[in-house]
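Okay, structure first, notes after.
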Amino acid sequence: VPVSIDNGSSCYLSKEYKNIIFLLKFAGIDSGLTPEEIRDGVANLLTFPHIGLPANMISDIATKAMNKRINQLPSLLLQYASTLKIPFQKHKVKSRSKALQVILDMACMGADSDRIIKAYQRETDLYSSLEKLSLKETEATETIDRCKSLISFIEGKGNPKSAIEWLESLNQKRIALSQESEKVKISSIHKSKGLEYDFVFLTGLEDGRFPYEKDPSKGNAIDIEAERRLFYVGMTRAVQCLFLDVPHCPVFLKISNDLSRKTIVSRFLEDIN
C-alpha cells in the first residue's frame, strides 16, 4: 500500500536499518561492498553503540578498513587497540573486535540473521549503551524500539544473504509505491491537530501504549488526563469513519519483547462504552 510519513522517514532510511544491513553484509562476508561502503559502514558501526573514541580515530580505523577484506575487521581493531594508551579506549576497541568475531563465527556455523544481530546486541550491550548515551529518554526508547522491530522483522528469513535479499526486495517495492500519487498518510496525533480526514485509523490501543506508560521503575507516572485529551483529539480528526484497533498479532507482541503477556485493551475504549 503506498504510504507517506508525516514529517518522518521510512525505517529503511534510519541509521539502525543501515547498521543492521551492514552487520549482515559483514557477517555474510559480502564481497560486493565497495571500499567506500566499507569505510562508511565501519565508521557508522563504531558508533552503534559508540565505541568511545574521538571522531578522528574512528575515521582512521574506517579508512584503514577500506583496504582490507571485510572479515579482517576484528583483527584490525585488535591491532589498533594495541596502539592506544587510555585503558578505557583499549578495552572498548577490544570488546568491539570480540563482538564482530562472534557474529562472524556464528555466520560460519549457519546461524540465522536474527540470532546474529541479537548476539551483537548482547556482546556490545547495545540497548543499555544507547540509553546511557542518549540525551533524551524518548530518543533512546525510539531507537531501541526500531532495533527490536527490525530484529523481529528478519526472524525466520534465514542466513544473512537471504535476509539482505529479502529486505532489499521490500525496499525496492517501497520505492516503487512511493511514486504513486494517492497514498495512505501515517502521522502522529500531535501532528494531526487542527486537521481532518475522511477516514482515520487509531492503532495500538492497549494500556501501556495508549495511554503510554513509561518505565515505572524510573518513577514515571502516566498523565492520564493529558493522554485522554490526546485520544479525544485523535478520534475527532475523522469526518466520515473512525477505526479503533487493538493489537493482537503475534508479531506485534514479539516486537514488544514479551510473548507471555496478554493484550490489555486501552482503558479509553472502556470509557467510550
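Letters A, B, ... go to the chains of the C-alpha cells in the order shown; residues in each chain start at 1; ligands are counted from 1 in the same order.
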
**OP:** May I have the residues within 12 Å of Glu155 of chain A as an MDAnalysis selection string, using only C-alpha atoms and disregarding those fewer than 3 positions away in the same chain?
**Re:** chainID A and resid 111:118 148:152 158:160 162:163 166:167 251 254:255

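Considering only segment 93-236 of chain A, backbone DSSP assigns strand (DSSP E) to Val184, Lys185, Ile186, Tyr197, Asp198, Phe199, Val200, Phe201 and Leu202 of chain A.
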
Would you save the residues from that selection as a compact mmCIF listing (two decimals), in the first residue's frame, using N, CA, C and O atoms?
```
# COMPACT_ATOMS: atom_id res chain seq x y z
N VAL A 184 -1.67 6.45 1.63
CA VAL A 184 -2.17 6.49 2.99
C VAL A 184 -1.20 7.32 3.82
O VAL A 184 0.01 7.07 3.78
N LYS A 185 -1.71 8.28 4.55
CA LYS A 185 -0.84 9.16 5.34
C LYS A 185 -0.68 8.59 6.75
O LYS A 185 -1.66 8.31 7.43
N ILE A 186 0.57 8.41 7.18
CA ILE A 186 0.88 7.96 8.53
C ILE A 186 1.36 9.17 9.32
O ILE A 186 2.33 9.82 8.94
N TYR A 197 -9.69 14.30 8.38
CA TYR A 197 -9.55 13.30 7.32
C TYR A 197 -10.85 12.52 7.23
O TYR A 197 -11.55 12.32 8.24
N ASP A 198 -11.18 12.08 6.02
CA ASP A 198 -12.42 11.30 5.85
C ASP A 198 -12.37 10.00 6.66
O ASP A 198 -13.34 9.61 7.29
N PHE A 199 -11.21 9.35 6.62
CA PHE A 199 -11.07 8.08 7.33
C PHE A 199 -9.85 8.14 8.24
O PHE A 199 -8.77 8.57 7.81
N VAL A 200 -10.03 7.72 9.48
CA VAL A 200 -8.94 7.74 10.45
C VAL A 200 -8.83 6.38 11.13
O VAL A 200 -9.84 5.80 11.54
N PHE A 201 -7.61 5.86 11.24
CA PHE A 201 -7.33 4.62 11.95
C PHE A 201 -6.44 4.95 13.16
O PHE A 201 -5.34 5.47 12.97
N LEU A 202 -6.93 4.67 14.36
CA LEU A 202 -6.11 4.79 15.56
C LEU A 202 -5.66 3.38 15.94
O LEU A 202 -6.49 2.51 16.23
```

Original post:
From the set A:Ile38, A:Ile189, A:Leu84, A:Ile20, which residue has the shortest atom-to-atom contact distance to Asp6 of chain A, counting only C-alpha atoms?
Top reply: A:Ile189

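When only C-alpha atoms are used to compute distances to Met66 of chain A, the closest of the residues A:Thr34, A:Ser95, A:Thr124, A:Thr83 turns out to be A:Thr34.
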
**OP:** May I have the residues within 9 Å of Val246 of chain A as a ChimeraX atom specification, using only C-alpha atoms and disregarding those fewer than 5 positions away in the same chain?
**Re:** /A:202-206,263-266

Prev. selection, N, CA and C atoms, output as a compact mmCIF listing (two decimals), in the first residue's frame:
```txt
# COMPACT_ATOMS: atom_id res chain seq x y z
N LEU A 202 -6.93 4.67 14.36
CA LEU A 202 -6.11 4.79 15.56
C LEU A 202 -5.66 3.38 15.94
N THR A 203 -4.36 3.14 15.93
CA THR A 203 -3.84 1.80 16.15
C THR A 203 -3.09 1.70 17.49
N GLY A 204 -2.84 0.47 17.91
CA GLY A 204 -2.07 0.23 19.13
C GLY A 204 -2.82 0.64 20.39
N LEU A 205 -4.15 0.45 20.41
CA LEU A 205 -4.95 0.89 21.55
C LEU A 205 -4.94 -0.16 22.66
N GLU A 206 -3.83 -0.22 23.37
CA GLU A 206 -3.71 -1.09 24.53
C GLU A 206 -3.04 -0.31 25.65
N THR A 263 -2.69 -8.89 25.70
CA THR A 263 -3.03 -7.51 25.35
C THR A 263 -4.14 -7.02 26.27
N ILE A 264 -3.91 -5.88 26.90
CA ILE A 264 -4.94 -5.26 27.74
C ILE A 264 -5.52 -4.09 26.98
N VAL A 265 -6.78 -4.17 26.67
CA VAL A 265 -7.44 -3.12 25.88
C VAL A 265 -7.32 -1.78 26.59
N SER A 266 -7.04 -0.74 25.83
CA SER A 266 -6.91 0.60 26.39
C SER A 266 -8.13 0.98 27.22
```

Subject >> segment 229-231 of chain A surroundings by only C-alpha atoms, 12 Å radius, close-in-sequence under 2 positions cut, as a PyMOL selection string >> reply: chain A and resi 188-193+201-205+209-212+223-227+233-237+244+266-269+271-272

Mind writing the picked residues with N, CA and C atoms as a short mmCIF file (atom, residue, chain, number, x, y, z; two decimals), in the first residue's frame?
```cif
data_model
loop_
_atom_site.label_atom_id
_atom_site.label_comp_id
_atom_site.auth_asym_id
_atom_site.auth_seq_id
_atom_site.Cartn_x
_atom_site.Cartn_y
_atom_site.Cartn_z
N SER A 188 1.36 11.24 13.51
CA SER A 188 1.09 11.17 14.95
C SER A 188 -0.13 12.03 15.26
N ILE A 189 -0.73 11.79 16.41
CA ILE A 189 -1.90 12.59 16.80
C ILE A 189 -1.48 14.05 17.01
N HIS A 190 -0.29 14.25 17.58
CA HIS A 190 0.17 15.62 17.80
C HIS A 190 0.25 16.40 16.49
N LYS A 191 0.74 15.76 15.44
CA LYS A 191 0.90 16.45 14.16
C LYS A 191 -0.44 16.63 13.43
N SER A 192 -1.45 15.89 13.85
CA SER A 192 -2.74 15.98 13.15
C SER A 192 -3.68 17.00 13.78
N LYS A 193 -3.26 17.65 14.85
CA LYS A 193 -4.13 18.64 15.50
C LYS A 193 -4.55 19.72 14.51
N PHE A 201 -7.61 5.86 11.24
CA PHE A 201 -7.33 4.62 11.95
C PHE A 201 -6.44 4.95 13.16
N LEU A 202 -6.93 4.67 14.36
CA LEU A 202 -6.11 4.79 15.56
C LEU A 202 -5.66 3.38 15.94
N THR A 203 -4.36 3.14 15.93
CA THR A 203 -3.84 1.80 16.15
C THR A 203 -3.09 1.70 17.49
N GLY A 204 -2.84 0.47 17.91
CA GLY A 204 -2.07 0.23 19.13
C GLY A 204 -2.82 0.64 20.39
N LEU A 205 -4.15 0.45 20.41
CA LEU A 205 -4.95 0.89 21.55
C LEU A 205 -4.94 -0.16 22.66
N ARG A 209 0.58 1.48 25.91
CA ARG A 209 0.92 2.20 24.68
C ARG A 209 0.00 3.39 24.49
N PHE A 210 -1.27 3.21 24.80
CA PHE A 210 -2.21 4.33 24.74
C PHE A 210 -3.30 4.08 25.78
N PRO A 211 -3.20 4.65 26.99
CA PRO A 211 -2.21 5.65 27.39
C PRO A 211 -0.80 5.07 27.49
N TYR A 212 0.18 5.92 27.13
CA TYR A 212 1.58 5.49 27.12
C TYR A 212 2.12 5.46 28.53
N ASP A 223 0.34 10.42 32.76
CA ASP A 223 -0.52 11.60 32.86
C ASP A 223 -1.82 11.26 32.14
N ILE A 224 -2.73 10.64 32.88
CA ILE A 224 -3.95 10.10 32.27
C ILE A 224 -4.77 11.17 31.57
N GLU A 225 -4.94 12.31 32.20
CA GLU A 225 -5.79 13.33 31.60
C GLU A 225 -5.20 13.87 30.31
N ALA A 226 -3.88 14.04 30.27
CA ALA A 226 -3.23 14.51 29.04
C ALA A 226 -3.38 13.46 27.94
N GLU A 227 -3.23 12.18 28.30
CA GLU A 227 -3.39 11.10 27.32
C GLU A 227 -4.84 11.00 26.85
N VAL A 233 -8.52 14.08 20.72
CA VAL A 233 -8.06 14.77 19.50
C VAL A 233 -7.98 13.79 18.34
N GLY A 234 -7.41 12.60 18.59
CA GLY A 234 -7.28 11.59 17.54
C GLY A 234 -8.63 11.17 16.97
N MET A 235 -9.58 10.93 17.85
CA MET A 235 -10.91 10.49 17.40
C MET A 235 -11.63 11.56 16.58
N THR A 236 -11.48 12.80 16.99
CA THR A 236 -12.23 13.88 16.34
C THR A 236 -11.58 14.37 15.05
N ARG A 237 -10.50 13.70 14.59
CA ARG A 237 -9.94 14.03 13.28
C ARG A 237 -10.77 13.40 12.16
N LEU A 244 -10.92 1.97 15.34
CA LEU A 244 -10.14 1.83 16.57
C LEU A 244 -9.59 0.41 16.63
N SER A 266 -7.04 -0.74 25.83
CA SER A 266 -6.91 0.60 26.39
C SER A 266 -8.13 0.98 27.22
N ARG A 267 -7.87 1.53 28.37
CA ARG A 267 -8.96 1.96 29.25
C ARG A 267 -9.84 3.03 28.60
N PHE A 268 -9.29 3.72 27.61
CA PHE A 268 -10.08 4.76 26.94
C PHE A 268 -11.23 4.15 26.14
N LEU A 269 -11.04 2.95 25.63
CA LEU A 269 -12.14 2.28 24.91
C LEU A 269 -13.24 1.92 25.88
N ASP A 271 -13.96 3.68 28.47
CA ASP A 271 -14.63 4.94 28.74
C ASP A 271 -15.70 5.24 27.70
N ILE A 272 -15.41 4.87 26.44
CA ILE A 272 -16.38 5.11 25.37
C ILE A 272 -17.65 4.29 25.62
#
```

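Between Asp105 of chain A and the candidates A:Ala176, A:Ala27, A:Leu73, A:Ile86, the tightest atom-to-atom separation, counting only C-alpha atoms, involves A:Ala27.
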
Original post:
Do you know which residues are at most 10 Å from Met57 of chain A counting only C-alpha atoms, after dropping those on the same chain fewer than 5 positions away, and could you put them as a PyMOL selection string?
Top reply: chain A and resi 43+52+62-63+80

Original post:
Taking into account only C-alpha atoms, which residue in the set A:Leu24, A:Glu213, A:Leu177, A:Gln240 is nearest to Val1 of chain A?
Top reply: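 Using only C-alpha atoms, the shortest distance to Val1 of chain A belongs to A:Leu177.
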
Subject >> A:Ser82, A:Asn56, A:Ser4, A:Asn67 ranked by distance to Leu33 of chain A, top pick (using only C-alpha atoms) >> reply: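 That would be A:Asn67, the residue with the smallest distance to Leu33 of chain A.
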
Subject >> DSSP-assigned alpha helix (DSSP H) members of segment 23-270 of chain A, reported as a PyMOL selection string >> reply: chain A and resi 23-27+35-45+55-66+73-81+87-108+113-124+126-133+137-153+160-177+189-192+224-235+250-255+267-270
